[in-house]
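*Asks:* Provided herewith: start30.txt, compact mmCIF, C-alpha atoms and all ligand atoms.
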# COMPACT_ATOMS: atom_id res chain seq x y z
CA MET Q 482 0.00 0.00 0.00
CA PRO Q 483 1.49 3.44 -0.84
CA PHE Q 484 2.49 5.61 2.13
CA ASP Q 485 -0.15 8.13 3.20
CA ALA Q 486 1.31 11.15 5.01
CA SER Q 487 -2.14 12.18 6.29
CA GLU Q 488 -2.62 8.94 8.24
CA TYR Q 489 -1.29 10.24 11.58
CA GLY Q 490 -3.94 12.93 11.98
CA ARG Q 491 -6.72 10.53 11.02
CA HIS Q 492 -5.95 8.21 13.92
CA ILE Q 493 -5.04 10.87 16.49
CA PRO Q 494 -7.54 13.76 16.62
CA ALA Q 495 -5.73 17.11 16.80
CA ASP Q 496 -7.39 18.11 20.11
CA VAL Q 497 -6.45 14.74 21.67
CA TYR Q 498 -2.84 15.31 20.48
CA ASP Q 499 -2.74 18.75 22.11
CA ASP Q 500 -4.16 17.44 25.42
CA ALA Q 501 -1.89 14.39 25.49
CA PHE Q 502 1.32 16.37 25.04
CA ALA Q 503 0.37 19.57 26.91
CA HIS Q 504 2.65 18.43 29.76
CA LEU Q 505 5.78 18.73 27.56
CA ASP Q 506 7.57 22.00 28.22
CA PRO Q 507 8.93 23.37 24.90
CA THR Q 508 11.14 26.02 26.56
CA SER Q 509 14.57 24.39 26.20
CA ALA Q 510 13.84 23.25 22.62
CA VAL Q 511 12.76 26.76 21.68
CA GLU Q 512 15.83 28.36 23.31
CA ARG Q 513 18.19 26.00 21.46
CA LEU Q 514 16.40 26.43 18.12
CA VAL Q 515 16.40 30.24 18.39
CA GLU Q 516 20.17 30.07 18.93
CA LEU Q 517 20.70 27.66 15.99
CA ALA Q 518 18.45 29.63 13.60
CA ASP Q 519 20.42 32.80 14.38
CA GLY Q 520 17.52 35.07 13.39
CA GLY Q 521 16.86 33.31 10.07
CA PRO Q 522 13.65 31.67 8.82
CA VAL Q 523 12.66 28.20 10.03
CA CYS Q 524 10.74 25.43 8.26
CA GLU Q 525 9.34 22.65 10.45
CA PHE Q 526 8.66 19.28 8.80
CA GLY Q 527 5.66 17.63 10.50
CA VAL Q 528 4.72 20.96 12.08
CA GLY Q 529 1.56 19.46 13.60
CA THR Q 530 -0.53 21.84 15.69
CA GLY Q 531 2.38 24.21 16.32
CA ARG Q 532 3.71 22.99 19.69
CA LEU Q 533 7.17 24.32 18.71
CA ALA Q 534 6.35 26.47 15.66
CA LEU Q 535 4.13 28.92 17.56
CA PRO Q 536 6.60 29.69 20.38
CA LEU Q 537 9.37 30.02 17.76
CA GLN Q 538 7.26 32.57 15.92
CA GLU Q 539 6.60 34.38 19.22
CA ARG Q 540 10.38 34.70 19.56
CA GLY Q 541 10.39 36.76 16.35
CA LEU Q 542 11.33 34.07 13.82
CA THR Q 543 9.54 33.59 10.50
CA VAL Q 544 8.21 30.03 10.57
CA ALA Q 545 6.79 27.83 7.81
CA GLY Q 546 5.93 24.16 7.83
CA VAL Q 547 5.03 20.98 6.01
CA GLU Q 548 2.25 18.85 7.46
CA GLY Q 549 0.71 15.64 6.15
CA SER Q 550 -2.53 15.87 8.07
CA PRO Q 551 -4.98 18.58 6.92
CA VAL Q 552 -6.72 18.25 10.30
CA MET Q 553 -3.54 19.01 12.29
CA ALA Q 554 -2.76 21.92 9.91
CA ALA Q 555 -6.30 23.30 10.35
CA ARG Q 556 -5.94 23.23 14.14
CA LEU Q 557 -2.63 25.12 13.88
CA ARG Q 558 -4.32 27.78 11.70
CA GLU Q 559 -7.08 28.25 14.35
CA LYS Q 560 -4.56 29.16 17.06
CA PRO Q 561 -3.41 32.76 17.67
CA GLY Q 562 -0.51 33.41 15.26
CA GLY Q 563 -1.23 30.18 13.36
CA GLU Q 564 -2.55 32.08 10.36
CA ARG Q 565 0.94 33.62 9.92
CA ILE Q 566 2.63 30.21 9.57
CA GLU Q 567 2.65 29.15 5.93
CA VAL Q 568 1.91 25.41 5.89
CA ALA Q 569 2.19 23.18 2.82
CA VAL Q 570 -0.01 20.11 3.24
CA GLY Q 571 1.94 17.10 1.96
CA ASP Q 572 4.63 14.53 2.68
CA PHE Q 573 7.78 16.14 4.09
CA ALA Q 574 9.95 13.61 2.25
CA VAL Q 575 9.12 15.39 -1.01
CA THR Q 576 6.98 18.51 -0.44
CA ARG Q 577 8.72 21.83 -1.07
CA VAL Q 578 7.88 25.07 0.76
CA PRO Q 579 8.90 28.18 -1.20
CA GLY Q 580 11.88 30.03 0.25
CA GLU Q 581 15.36 29.43 1.60
CA PHE Q 582 15.67 28.63 5.30
CA ALA Q 583 18.33 29.00 7.99
CA LEU Q 584 16.98 25.95 9.78
CA VAL Q 585 14.80 22.94 8.99
CA LEU Q 586 13.40 21.17 12.05
CA LEU Q 587 12.17 17.58 12.37
CA ALA Q 588 11.29 17.11 16.04
CA PHE Q 589 9.66 14.58 18.34
CA ASN Q 590 10.84 11.36 16.58
CA THR Q 591 8.89 12.28 13.45
CA ILE Q 592 11.70 11.13 11.09
CA PHE Q 593 10.58 7.61 12.12
CA ALA Q 594 7.04 8.25 10.83
CA LEU Q 595 8.44 7.79 7.33
CA PRO Q 596 7.87 4.18 6.28
CA ASP Q 597 11.33 3.06 5.12
CA GLN Q 598 14.99 3.98 4.63
CA ALA Q 599 14.42 5.32 1.10
CA ALA Q 600 11.79 7.79 2.33
CA GLN Q 601 14.05 8.88 5.19
CA VAL Q 602 16.95 9.50 2.79
CA ALA Q 603 14.56 11.47 0.54
CA CYS Q 604 13.59 13.54 3.60
CA PHE Q 605 17.24 14.48 4.29
CA ARG Q 606 17.58 15.49 0.62
CA ASN Q 607 14.39 17.53 0.86
CA ALA Q 608 15.71 19.23 4.01
CA VAL Q 609 18.95 20.29 2.33
CA ALA Q 610 16.95 21.60 -0.66
CA HIS Q 611 15.21 24.00 1.75
CA LEU Q 612 18.43 25.26 3.38
CA ARG Q 613 20.51 28.25 2.50
CA PRO Q 614 24.30 27.63 2.42
CA GLY Q 615 25.44 27.03 6.02
CA GLY Q 616 21.84 26.27 7.10
CA ARG Q 617 21.03 23.58 9.66
CA PHE Q 618 18.82 20.50 9.73
CA VAL Q 619 17.88 19.58 13.31
CA VAL Q 620 16.55 16.10 14.07
CA GLU Q 621 15.21 15.03 17.47
CA ALA Q 622 14.70 11.28 17.88
CA TRP Q 623 14.93 8.39 20.31
CA VAL Q 624 17.79 5.91 20.32
CA PRO Q 625 16.58 2.33 19.70
CA ASP Q 626 16.69 0.35 22.96
CA LEU Q 627 15.99 -3.26 22.03
CA ALA Q 628 16.85 -4.41 25.58
CA ALA Q 629 13.56 -2.88 26.72
CA PHE Q 630 11.65 -5.56 24.76
CA ARG Q 631 10.76 -9.09 25.89
CA ALA Q 632 9.57 -11.52 23.24
CA GLY Q 633 9.19 -8.56 20.91
CA ALA Q 634 6.87 -6.53 23.16
CA ALA Q 635 7.26 -3.71 25.70
CA LEU Q 636 5.06 -1.61 27.95
CA ARG Q 637 6.40 1.58 29.51
CA PRO Q 638 5.00 4.56 31.37
CA VAL Q 639 5.34 7.80 29.38
CA GLN Q 640 3.60 10.12 31.83
CA VAL Q 641 2.45 9.60 35.38
CA ALA Q 642 0.54 12.54 36.87
CA GLN Q 643 -2.32 12.90 39.34
CA ASP Q 644 -4.86 13.60 36.60
CA ALA Q 645 -3.42 11.54 33.70
CA VAL Q 646 -1.41 8.41 33.09
CA MET Q 647 0.01 7.56 29.67
CA LEU Q 648 1.44 4.12 28.85
CA GLU Q 649 3.04 3.06 25.59
CA ALA Q 650 2.52 -0.50 24.33
CA ALA Q 651 4.98 -1.47 21.61
CA LEU Q 652 5.69 -4.39 19.29
CA LEU Q 653 9.11 -4.71 17.68
CA HIS Q 654 9.93 -6.05 14.21
CA PRO Q 655 13.75 -5.88 14.14
CA ALA Q 656 14.15 -7.38 10.66
CA GLU Q 657 12.43 -4.30 9.22
CA GLN Q 658 13.57 -1.85 11.96
CA ARG Q 659 9.91 -1.26 12.63
CA MET Q 660 8.10 -0.55 15.89
CA ILE Q 661 4.33 -0.50 16.14
CA THR Q 662 3.09 1.52 19.11
CA THR Q 663 -0.12 2.67 20.72
CA LYS Q 664 -0.05 5.14 23.58
CA VAL Q 665 -2.91 4.65 26.01
CA ARG Q 666 -3.90 7.81 27.87
CA LEU Q 667 -6.11 7.42 30.93
CA THR Q 668 -7.77 10.46 32.48
CA GLY Q 669 -10.81 11.15 34.67
CA THR Q 670 -12.89 11.64 31.51
CA GLY Q 671 -11.91 8.48 29.63
CA VAL Q 672 -9.32 6.66 27.58
CA ASP Q 673 -7.60 7.85 24.40
CA LEU Q 674 -5.59 5.65 22.07
CA LEU Q 675 -2.74 7.26 20.12
CA PRO Q 676 -1.31 4.79 17.55
CA ALA Q 677 1.94 5.47 15.67
CA ASN Q 678 4.23 3.37 13.50
CA HIS Q 679 7.98 3.94 13.49
CA ARG Q 680 10.67 2.88 11.04
CA TYR Q 681 13.45 3.43 13.55
CA ALA Q 682 17.14 4.06 12.87
CA TRP Q 683 20.23 4.39 15.01
CA PRO Q 684 21.95 7.79 15.09
CA ALA Q 685 24.79 6.49 12.86
CA GLU Q 686 22.31 5.59 10.10
CA LEU Q 687 20.88 9.11 10.26
CA ASP Q 688 24.44 10.48 9.95
CA LEU Q 689 24.89 8.47 6.75
CA MET Q 690 21.60 9.81 5.40
CA ALA Q 691 22.91 13.32 6.07
CA GLN Q 692 26.14 12.48 4.22
CA LEU Q 693 24.17 11.16 1.24
CA ALA Q 694 22.32 14.48 1.18
CA GLY Q 695 25.60 16.44 1.28
CA MET Q 696 25.49 17.54 4.93
CA ALA Q 697 27.86 16.99 7.84
CA ARG Q 698 27.03 16.61 11.51
CA GLU Q 699 27.78 19.69 13.59
CA HIS Q 700 26.41 18.56 17.00
CA ARG Q 701 24.83 15.61 18.74
CA TRP Q 702 23.37 16.17 22.18
CA GLU Q 703 21.28 14.04 24.53
CA ASP Q 704 18.60 16.70 24.74
CA TRP Q 705 17.71 20.31 23.95
CA ALA Q 706 19.73 21.48 26.97
CA ALA Q 707 22.81 20.26 25.06
CA ARG Q 708 23.80 17.62 27.61
CA PRO Q 709 26.54 15.37 26.18
CA PHE Q 710 25.41 12.35 24.16
CA THR Q 711 26.71 9.26 26.00
CA ASP Q 712 26.42 5.44 26.13
CA GLY Q 713 23.32 5.83 28.28
CA SER Q 714 21.52 8.44 26.18
CA ARG Q 715 18.04 7.34 25.16
CA ASP Q 716 17.31 10.36 22.92
CA HIS Q 717 19.34 12.63 20.71
CA VAL Q 718 19.20 16.04 19.14
CA SER Q 719 21.40 15.99 16.04
CA VAL Q 720 22.36 19.08 14.07
CA TYR Q 721 23.46 18.69 10.43
CA ARG Q 722 24.82 21.50 8.36
CA ARG Q 723 24.72 22.31 4.68
CA PRO Q 724 28.21 23.44 3.56
CA MET Q 725 28.73 27.16 2.92
CA THR Q 726 29.79 26.35 -0.63
CA ALA Q 727 28.21 23.78 -2.94
C1 LIG E 1 4.58 13.49 16.64
S1 LIG E 1 3.74 14.72 15.73
C2 LIG E 1 4.86 16.10 15.97
C3 LIG E 1 4.18 17.44 15.75
C4 LIG E 1 5.06 18.63 16.14
N1 LIG E 1 6.28 18.66 15.38
C5 LIG E 1 5.38 18.58 17.62
O1 LIG E 1 6.57 18.51 17.97
O2 LIG E 1 4.45 18.60 18.43
C6 LIG E 1 4.11 14.26 14.06
C7 LIG E 1 3.46 15.15 13.03
O3 LIG E 1 4.05 14.88 11.76
C8 LIG E 1 3.04 14.67 10.79
N2 LIG E 1 3.58 13.73 9.81
C9 LIG E 1 3.91 12.43 10.01
N3 LIG E 1 4.45 11.90 8.89
C10 LIG E 1 4.44 12.90 7.96
C11 LIG E 1 4.89 13.00 6.61
N4 LIG E 1 5.45 11.97 5.99
N5 LIG E 1 4.74 14.18 5.98
C12 LIG E 1 4.18 15.24 6.60
N6 LIG E 1 3.75 15.21 7.88
C13 LIG E 1 3.88 14.06 8.55
C14 LIG E 1 1.85 14.14 11.56
O4 LIG E 1 0.63 14.36 10.87
C15 LIG E 1 1.96 14.92 12.87
O5 LIG E 1 1.31 16.15 12.80
Represent the structure from my file as structure tokens, please.
Ligand SMILES: C[S@@+](CC[C@H](N)C(=O)[O-])C[C@H]1O[C@@H](n2cnc3c(N)ncnc32)[C@H](O)[C@@H]1O

*Replies:*
Amino acid sequence: MPFDASEYGRHIPADVYDDAFAHLDPTSAVERLVELADGGPVCEFGVGTGRLALPLQERGLTVAGVEGSPVMAARLREKPGGERIEVAVGDFAVTRVPGEFALVLLAFNTIFALPDQAAQVACFRNAVAHLRPGGRFVVEAWVPDLAAFRAGAALRPVQVAQDAVMLEAALLHPAEQRMITTKVRLTGTGVDLLPANHRYAWPAELDLMAQLAGMAREHRWEDWAARPFTDGSRDHVSVYRRPMTA
């Protein structure tokens, strides 16, 4: 079946997405991205409902985006400032937003939403096509942790609060580097299911994709606070750079 970039928003309603991830504080991501963009325009691939794009715009940056789900894009447009974010509805592996950007952002593990290696390589090439010379492509993703799985399955708490608990149930298919997940969010008003499929990759494979696209890695941190990436890091923020000259 051909890949459908709008699938995510069909299974996870935009208001459920916003509620489920309202507990994530975007401050350190926004601080780091403002520094990396250095005043230049930003394009966010998989911009969603603007969790990062809106605070970046509030910091004075011009922000555009690519979003596969028309429903997520519509919710972003409804929010204050959302109408000023130009969003192209389409697959960020191939969709082009007019303009030349200082920074392209692909946050929150969304590189893994692409179905296979070829689509992920195409995404790196699409990112570099959006960048001005010296511009940066920033990827935030988890590091595969196969030890967390028993007999190909895992269950882990994602959020534990007084008014909400979120668990993630996952099935692993290592031969295809694929992980099938559903987050289960329990609150006083009911249960929400948030399914997502991942074609996961280790950081080194992402580095090779960057090389194929003509970029080199500038930084790899454990998180947006720029803590060092170590043996124990479970997430990474990787910054790739387009050369100043072609
Ligand atoms: C996990 S959400 C992240 C949203 C936002 N970046 C954030 O940090 O809150 C992933 C978003 O990427 C979109 N998406 C997934 N695959 C896509 C693709 N191939 N092309 C365009 N958008 C895609 C989904 O519709 C969803 O809005």

*Asks:* Write out as a list in words the residues lying within 9 Å of Thr576 of chain Q, counting only C-alpha atoms and excluding same-chain residues fewer than 5 positions away.

*Replies:* Val547, Ala569, Val570, Gly571 and Asn607 of chain Q

*Asks:* Can you work out which residues are within 7 Å of ligand LIG 1 (chain E), considering only C-alpha atoms and all ligand atoms, and then hand them over as a ChimeraX atom specification?

*Replies:* /Q:486-490,526-533,547-550,553,571-574,587-591,594-595

*Asks:* For segment 596-602 of chain Q, what centre and edge lengths in Å (one decimal) does the axis-aligned box get once 8 Å is added on each side of all its listed atoms, as lines of an AutoDock Vina configuration file?

*Replies:*
center_x = 12.4
center_y = 6.3
center_z = 3.7
size_x = 25.1
size_y = 22.4
size_z = 21.2

*Asks:* Neighbouring residues of segment 544-546 of chain Q were defined as those with any atom within 7 Å, considering all atoms listed in the file; residues of the same chain fewer than 4 positions away were excluded. Please report them as a ChimeraX atom specification.

*Replies:* /Q:522-526,528,534,538,566-569

*Asks:* Identify the residues within 8 Å of coordinate (20.3, 10.9, 25.3) (same frame as the file), considering only C-alpha atoms, and give the answer as a PyMOL selection string.

*Replies:* chain Q and resi 623-624+702-704+708-711+713-717

*Asks:* With C-alpha atoms retained, write the just-selected residues as an mmCIF file, keeping the file's coordinate frame.

*Replies:*
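Result file is selection.cif:
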data_model
loop_
_atom_site.group_PDB
_atom_site.id
_atom_site.type_symbol
_atom_site.label_atom_id
_atom_site.label_comp_id
_atom_site.auth_asym_id
_atom_site.auth_seq_id
_atom_site.Cartn_x
_atom_site.Cartn_y
_atom_site.Cartn_z
ATOM 1 C CA TRP Q 623 14.930 8.390 20.310
ATOM 2 C CA VAL Q 624 17.790 5.910 20.320
ATOM 3 C CA TRP Q 702 23.370 16.170 22.180
ATOM 4 C CA GLU Q 703 21.280 14.040 24.530
ATOM 5 C CA ASP Q 704 18.600 16.700 24.740
ATOM 6 C CA ARG Q 708 23.800 17.620 27.610
ATOM 7 C CA PRO Q 709 26.540 15.370 26.180
ATOM 8 C CA PHE Q 710 25.410 12.350 24.160
ATOM 9 C CA THR Q 711 26.710 9.260 26.000
ATOM 10 C CA GLY Q 713 23.320 5.830 28.280
ATOM 11 C CA SER Q 714 21.520 8.440 26.180
ATOM 12 C CA ARG Q 715 18.040 7.340 25.160
ATOM 13 C CA ASP Q 716 17.310 10.360 22.920
ATOM 14 C CA HIS Q 717 19.340 12.630 20.710
#

*Asks:* Could you work out how far atom CA of Asp496 of chain Q lies from atom CA of Pro551 of chain Q, giving the answer in Å with one decimal?

*Replies:*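 Straight-line distance from atom CA of Pro551 of chain Q to atom CA of Asp496 of chain Q works out to 13.4 Å.
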
*Asks:* Do a neighbour search on segment 505-508 of chain Q at 10 Å with only C-alpha atoms, toss out local chain neighbours closer than 5 positions, and write the hits as a ChimeraX atom specification.

*Replies:* /Q:513-514,532-533,536-537,640,705-706

*Asks:* Measuring atom to atom with all atoms listed in the file, identify which of Q:Glu512, Q:Glu581, Q:Asp500, Q:Glu621 is nearest to Arg540 of chain Q.

*Replies:*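 Nearest candidate to Arg540 of chain Q out of Q:Glu512, Q:Glu581, Q:Asp500, Q:Glu621: Q:Glu512.
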
*Asks:* Taking 6 positions as the minimum chain separation for residues in the same chain, which residues sit within 12 Å of Gly671 of chain Q when counting all atoms listed in the file? Answer as a PyMOL selection string.

*Replies:* chain Q and resi 497+644-647+665

*Asks:* Keeping all heavy atoms (and nothing else), can you write segment 488-499 of chain Q of this structure as a PDB file, in the first residue's frame?

*Replies:*
ATOM      1  N   GLU Q 488      -2.081  10.003   7.386  1.00  0.00           N
ATOM      2  CA  GLU Q 488      -2.622   8.945   8.244  1.00  0.00           C
ATOM      3  C   GLU Q 488      -2.609   9.324   9.726  1.00  0.00           C
ATOM      4  O   GLU Q 488      -3.573   9.092  10.448  1.00  0.00           O
ATOM      5  CB  GLU Q 488      -1.782   7.683   8.030  1.00  0.00           C
ATOM      6  CG  GLU Q 488      -2.371   6.463   8.678  1.00  0.00           C
ATOM      7  CD  GLU Q 488      -1.550   5.234   8.357  1.00  0.00           C
ATOM      8  OE1 GLU Q 488      -0.996   5.174   7.244  1.00  0.00           O
ATOM      9  OE2 GLU Q 488      -1.440   4.382   9.226  1.00  0.00           O
ATOM     10  N   TYR Q 489      -1.483   9.927  10.158  1.00  0.00           N
ATOM     11  CA  TYR Q 489      -1.288  10.237  11.579  1.00  0.00           C
ATOM     12  C   TYR Q 489      -2.494  11.007  12.148  1.00  0.00           C
ATOM     13  O   TYR Q 489      -3.078  10.625  13.141  1.00  0.00           O
ATOM     14  CB  TYR Q 489      -0.007  11.058  11.718  1.00  0.00           C
ATOM     15  CG  TYR Q 489       0.456  11.298  13.125  1.00  0.00           C
ATOM     16  CD1 TYR Q 489       1.441  10.493  13.685  1.00  0.00           C
ATOM     17  CD2 TYR Q 489      -0.062  12.327  13.889  1.00  0.00           C
ATOM     18  CE1 TYR Q 489       1.888  10.719  14.978  1.00  0.00           C
ATOM     19  CE2 TYR Q 489       0.378  12.549  15.178  1.00  0.00           C
ATOM     20  CZ  TYR Q 489       1.354  11.751  15.715  1.00  0.00           C
ATOM     21  OH  TYR Q 489       1.781  11.977  16.983  1.00  0.00           O
ATOM     22  N   GLY Q 490      -2.863  12.076  11.468  1.00  0.00           N
ATOM     23  CA  GLY Q 490      -3.941  12.931  11.978  1.00  0.00           C
ATOM     24  C   GLY Q 490      -5.306  12.283  11.890  1.00  0.00           C
ATOM     25  O   GLY Q 490      -6.256  12.742  12.525  1.00  0.00           O
ATOM     26  N   ARG Q 491      -5.428  11.213  11.088  1.00  0.00           N
ATOM     27  CA  ARG Q 491      -6.723  10.529  11.018  1.00  0.00           C
ATOM     28  C   ARG Q 491      -6.931   9.634  12.226  1.00  0.00           C
ATOM     29  O   ARG Q 491      -8.044   9.394  12.648  1.00  0.00           O
ATOM     30  CB  ARG Q 491      -6.836   9.731   9.717  1.00  0.00           C
ATOM     31  CG  ARG Q 491      -7.664  10.504   8.693  1.00  0.00           C
ATOM     32  CD  ARG Q 491      -7.988   9.692   7.472  1.00  0.00           C
ATOM     33  NE  ARG Q 491      -6.824   9.615   6.605  1.00  0.00           N
ATOM     34  CZ  ARG Q 491      -6.303   8.475   6.174  1.00  0.00           C
ATOM     35  NH1 ARG Q 491      -6.827   7.329   6.526  1.00  0.00           N
ATOM     36  NH2 ARG Q 491      -5.262   8.498   5.376  1.00  0.00           N
ATOM     37  N   HIS Q 492      -5.821   9.112  12.774  1.00  0.00           N
ATOM     38  CA  HIS Q 492      -5.950   8.209  13.918  1.00  0.00           C
ATOM     39  C   HIS Q 492      -5.839   8.943  15.253  1.00  0.00           C
ATOM     40  O   HIS Q 492      -6.280   8.450  16.272  1.00  0.00           O
ATOM     41  CB  HIS Q 492      -4.888   7.108  13.849  1.00  0.00           C
ATOM     42  CG  HIS Q 492      -5.077   6.237  12.646  1.00  0.00           C
ATOM     43  ND1 HIS Q 492      -6.236   5.555  12.414  1.00  0.00           N
ATOM     44  CD2 HIS Q 492      -4.262   5.966  11.603  1.00  0.00           C
ATOM     45  CE1 HIS Q 492      -6.135   4.877  11.285  1.00  0.00           C
ATOM     46  NE2 HIS Q 492      -4.946   5.125  10.771  1.00  0.00           N
ATOM     47  N   ILE Q 493      -5.190  10.108  15.243  1.00  0.00           N
ATOM     48  CA  ILE Q 493      -5.042  10.871  16.489  1.00  0.00           C
ATOM     49  C   ILE Q 493      -5.701  12.233  16.261  1.00  0.00           C
ATOM     50  O   ILE Q 493      -5.120  13.097  15.595  1.00  0.00           O
ATOM     51  CB  ILE Q 493      -3.554  11.062  16.871  1.00  0.00           C
ATOM     52  CG1 ILE Q 493      -2.858   9.696  16.954  1.00  0.00           C
ATOM     53  CG2 ILE Q 493      -3.441  11.815  18.181  1.00  0.00           C
ATOM     54  CD1 ILE Q 493      -1.388   9.758  17.298  1.00  0.00           C
ATOM     55  N   PRO Q 494      -6.902  12.446  16.809  1.00  0.00           N
ATOM     56  CA  PRO Q 494      -7.539  13.756  16.623  1.00  0.00           C
ATOM     57  C   PRO Q 494      -6.642  14.873  17.157  1.00  0.00           C
ATOM     58  O   PRO Q 494      -5.945  14.696  18.165  1.00  0.00           O
ATOM     59  CB  PRO Q 494      -8.835  13.631  17.428  1.00  0.00           C
ATOM     60  CG  PRO Q 494      -9.090  12.160  17.525  1.00  0.00           C
ATOM     61  CD  PRO Q 494      -7.731  11.510  17.550  1.00  0.00           C
ATOM     62  N   ALA Q 495      -6.668  16.029  16.464  1.00  0.00           N
ATOM     63  CA  ALA Q 495      -5.734  17.114  16.804  1.00  0.00           C
ATOM     64  C   ALA Q 495      -5.928  17.603  18.234  1.00  0.00           C
ATOM     65  O   ALA Q 495      -4.954  17.939  18.921  1.00  0.00           O
ATOM     66  CB  ALA Q 495      -5.908  18.251  15.795  1.00  0.00           C
ATOM     67  N   ASP Q 496      -7.186  17.633  18.729  1.00  0.00           N
ATOM     68  CA  ASP Q 496      -7.393  18.108  20.106  1.00  0.00           C
ATOM     69  C   ASP Q 496      -6.870  17.081  21.116  1.00  0.00           C
ATOM     70  O   ASP Q 496      -6.318  17.446  22.162  1.00  0.00           O
ATOM     71  CB  ASP Q 496      -8.876  18.443  20.357  1.00  0.00           C
ATOM     72  CG  ASP Q 496      -9.795  17.262  20.067  1.00  0.00           C
ATOM     73  OD1 ASP Q 496      -9.428  16.390  19.257  1.00  0.00           O
ATOM     74  OD2 ASP Q 496     -10.887  17.207  20.668  1.00  0.00           O
ATOM     75  N   VAL Q 497      -6.991  15.787  20.785  1.00  0.00           N
ATOM     76  CA  VAL Q 497      -6.446  14.743  21.670  1.00  0.00           C
ATOM     77  C   VAL Q 497      -4.920  14.864  21.711  1.00  0.00           C
ATOM     78  O   VAL Q 497      -4.297  14.767  22.770  1.00  0.00           O
ATOM     79  CB  VAL Q 497      -6.870  13.338  21.168  1.00  0.00           C
ATOM     80  CG1 VAL Q 497      -6.135  12.244  21.920  1.00  0.00           C
ATOM     81  CG2 VAL Q 497      -8.384  13.169  21.312  1.00  0.00           C
ATOM     82  N   TYR Q 498      -4.299  15.129  20.538  1.00  0.00           N
ATOM     83  CA  TYR Q 498      -2.845  15.309  20.478  1.00  0.00           C
ATOM     84  C   TYR Q 498      -2.428  16.452  21.413  1.00  0.00           C
ATOM     85  O   TYR Q 498      -1.501  16.309  22.229  1.00  0.00           O
ATOM     86  CB  TYR Q 498      -2.403  15.617  19.036  1.00  0.00           C
ATOM     87  CG  TYR Q 498      -0.914  15.824  18.917  1.00  0.00           C
ATOM     88  CD1 TYR Q 498      -0.058  14.756  18.670  1.00  0.00           C
ATOM     89  CD2 TYR Q 498      -0.347  17.082  19.130  1.00  0.00           C
ATOM     90  CE1 TYR Q 498       1.313  14.931  18.615  1.00  0.00           C
ATOM     91  CE2 TYR Q 498       1.017  17.268  19.077  1.00  0.00           C
ATOM     92  CZ  TYR Q 498       1.845  16.202  18.808  1.00  0.00           C
ATOM     93  OH  TYR Q 498       3.202  16.379  18.762  1.00  0.00           O
ATOM     94  N   ASP Q 499      -3.120  17.583  21.299  1.00  0.00           N
ATOM     95  CA  ASP Q 499      -2.741  18.748  22.112  1.00  0.00           C
ATOM     96  C   ASP Q 499      -2.875  18.452  23.604  1.00  0.00           C
ATOM     97  O   ASP Q 499      -2.012  18.833  24.401  1.00  0.00           O
ATOM     98  CB  ASP Q 499      -3.591  19.959  21.724  1.00  0.00           C
ATOM     99  CG  ASP Q 499      -3.050  20.646  20.477  1.00  0.00           C
ATOM    100  OD1 ASP Q 499      -1.961  20.271  19.995  1.00  0.00           O
ATOM    101  OD2 ASP Q 499      -3.727  21.565  19.971  1.00  0.00           O
TER     102      ASP Q 499
END
